[in-house]
$ cat data16.csv   # CSV, C-alpha atoms
chain,number,residue,atom,x,y,z
A,1,MET,CA,152.0,41.2,98.4
A,2,ASN,CA,155.4,42.6,99.4
A,3,LEU,CA,156.3,43.0,95.7
A,4,PHE,CA,153.1,45.0,95.1
A,5,VAL,CA,153.8,47.3,98.1
A,6,ASN,CA,157.4,47.9,96.8
A,7,ALA,CA,156.1,48.6,93.3
A,8,LEU,CA,153.4,51.0,94.7
A,9,SER,CA,156.1,52.8,96.8
A,10,ILE,CA,158.3,53.2,93.8
A,11,ALA,CA,155.4,54.6,91.7
A,12,ILE,CA,154.4,57.1,94.5
A,13,VAL,CA,158.0,58.3,94.8
A,14,GLY,CA,158.3,58.7,91.1
A,15,ILE,CA,155.0,60.7,90.9
A,16,LEU,CA,156.2,62.9,93.8
A,17,ALA,CA,159.5,63.5,92.1
A,18,GLY,CA,157.9,64.3,88.7
A,19,SER,CA,155.4,66.6,90.4
A,20,LEU,CA,158.3,68.4,92.2
A,21,ILE,CA,160.2,68.9,88.9
A,22,TYR,CA,157.0,70.1,87.1
A,23,THR,CA,156.3,72.6,89.9
A,24,LEU,CA,159.8,73.9,89.9
A,25,SER,CA,159.8,74.3,86.1
A,26,VAL,CA,156.4,76.1,86.1
A,27,GLY,CA,157.7,78.4,88.9
A,28,ARG,CA,160.8,79.3,86.8
A,29,GLN,CA,158.7,80.0,83.7
A,30,GLN,CA,156.6,82.6,85.5
A,31,LYS,CA,157.5,86.2,84.6
A,32,ALA,CA,158.0,88.8,87.2
A,33,VAL,CA,155.2,91.4,87.1
A,34,GLU,CA,156.6,94.7,85.9
A,35,GLY,CA,154.3,97.3,87.4
A,36,GLU,CA,151.1,95.7,86.2
A,37,ILE,CA,148.6,94.1,88.6
A,38,ASP,CA,147.2,91.6,86.0
A,39,THR,CA,149.0,90.0,83.1
A,40,GLN,CA,147.7,88.1,80.1
A,41,ILE,CA,147.1,84.4,80.8
A,42,PRO,CA,149.1,82.2,78.3
A,43,LYS,CA,147.0,80.5,75.6
A,44,PRO,CA,147.7,76.9,76.7
A,45,VAL,CA,146.5,77.7,80.2
A,46,GLN,CA,143.4,79.3,78.9
A,47,LYS,CA,142.6,76.2,76.9
A,48,HIS,CA,143.3,73.8,79.7
A,49,VAL,CA,142.6,75.7,82.9
A,50,TYR,CA,142.5,72.7,85.2
A,51,LEU,CA,145.2,70.6,83.6
A,52,GLY,CA,147.6,73.5,83.7
A,53,ASN,CA,147.2,74.1,87.4
A,54,PRO,CA,149.6,71.9,89.4
A,55,ILE,CA,147.4,72.1,92.5
A,56,PHE,CA,144.4,70.4,90.7
A,57,LEU,CA,146.8,67.9,89.2
A,58,ALA,CA,148.2,67.0,92.6
A,59,TRP,CA,144.7,66.6,94.1
A,60,GLY,CA,143.6,64.4,91.2
A,61,ILE,CA,146.6,62.2,91.6
A,62,PHE,CA,146.1,62.1,95.4
A,63,PHE,CA,142.5,60.9,95.1
A,64,ALA,CA,143.3,58.4,92.4
A,65,LEU,CA,146.0,56.9,94.6
A,66,LEU,CA,143.8,57.0,97.6
A,67,LEU,CA,141.0,55.1,95.7
A,68,PHE,CA,143.5,52.6,94.5
A,69,ILE,CA,144.9,52.0,98.0
A,70,ILE,CA,141.3,51.6,99.4
A,71,LEU,CA,140.4,49.1,96.7
A,72,PHE,CA,143.6,47.1,97.4
A,73,VAL,CA,143.0,47.0,101.1
A,74,ALA,CA,139.4,46.0,100.6
A,75,MET,CA,140.4,43.2,98.1
A,76,THR,CA,143.2,42.0,100.4
A,77,PHE,CA,141.3,41.8,103.7
A,78,LEU,CA,137.8,40.9,102.5
A,79,ARG,CA,138.8,37.6,100.9

$ encode --input "data16.csv" --output "structure tokens"
Amino acid sequence: MNLFVNALSIAIVGILAGSLIYTLSVGRQQKAVEGEIDTQIPKPVQKHVYLGNPIFLAWGIFFALLLFIILFVAMTFLR
């Protein structure tokens, strides 16, 4: 069980680090608005509205990990 917790901890830290790097790279790619209130949305974002949004991606990962942890605790303590 201790090995599983360590592996899960490493996976969570890896996902957090990847999310931080992804968020920073997306933030750097944003262009400054030059006098316009609205700008054109890039084509990849238009095609994948939810996958291109890091907030939805973070919430999806959070709920997937939460479900995984709940299932693990239920399987561990209900034997």

$ closest_residue --input "data16.csv" --among "A:Ile12, A:Val26, A:Val5, A:Leu78" --to "Ala64 (chain A)" --atoms "only C-alpha atoms"
A:Ile12

$ atom_distance --input "data16.csv" --atom1 "CA of His48 (chain A)" --atom2 "CA of Ile15 (chain A)"
20.8 Å

$ atom_distance --input "data16.csv" --atom1 "CA of Phe56 (chain A)" --atom2 "CA of Gly27 (chain A)"
15.6 Å

$ atom_distance --input "data16.csv" --atom1 "CA of Leu71 (chain A)" --atom2 "CA of Ser19 (chain A)"
23.9 Å

$ residues_near_point --input "data16.csv" --point "(151.0, 72.4, 86.2)" --cutoff "10 Å" --atoms "all atoms listed in the file" --output "JSON list (two decimals) with C-alpha atoms, keeping the file's coordinate frame"
[["chain", "number", "residue", "atom", "x", "y", "z"],
["A", 19, "SER", "CA", 155.40, 66.60, 90.40],
["A", 22, "TYR", "CA", 157.00, 70.10, 87.10],
["A", 23, "THR", "CA", 156.30, 72.60, 89.90],
["A", 24, "LEU", "CA", 159.80, 73.90, 89.90],
["A", 25, "SER", "CA", 159.80, 74.30, 86.10],
["A", 26, "VAL", "CA", 156.40, 76.10, 86.10],
["A", 27, "GLY", "CA", 157.70, 78.40, 88.90],
["A", 45, "VAL", "CA", 146.50, 77.70, 80.20],
["A", 49, "VAL", "CA", 142.60, 75.70, 82.90],
["A", 50, "TYR", "CA", 142.50, 72.70, 85.20],
["A", 51, "LEU", "CA", 145.20, 70.60, 83.60],
["A", 52, "GLY", "CA", 147.60, 73.50, 83.70],
["A", 53, "ASN", "CA", 147.20, 74.10, 87.40],
["A", 54, "PRO", "CA", 149.60, 71.90, 89.40],
["A", 55, "ILE", "CA", 147.40, 72.10, 92.50],
["A", 56, "PHE", "CA", 144.40, 70.40, 90.70],
["A", 57, "LEU", "CA", 146.80, 67.90, 89.20],
["A", 58, "ALA", "CA", 148.20, 67.00, 92.60]]

$ residues_around --input "data16.csv" --residues "Ile69 (chain A)" --least-positions-apart "4" --cutoff "12 Å" --atoms "all atoms listed in the file" --output "VMD selection string"
chain A and resid 4 to 5 8 to 9 12 62 to 65 73 to 76
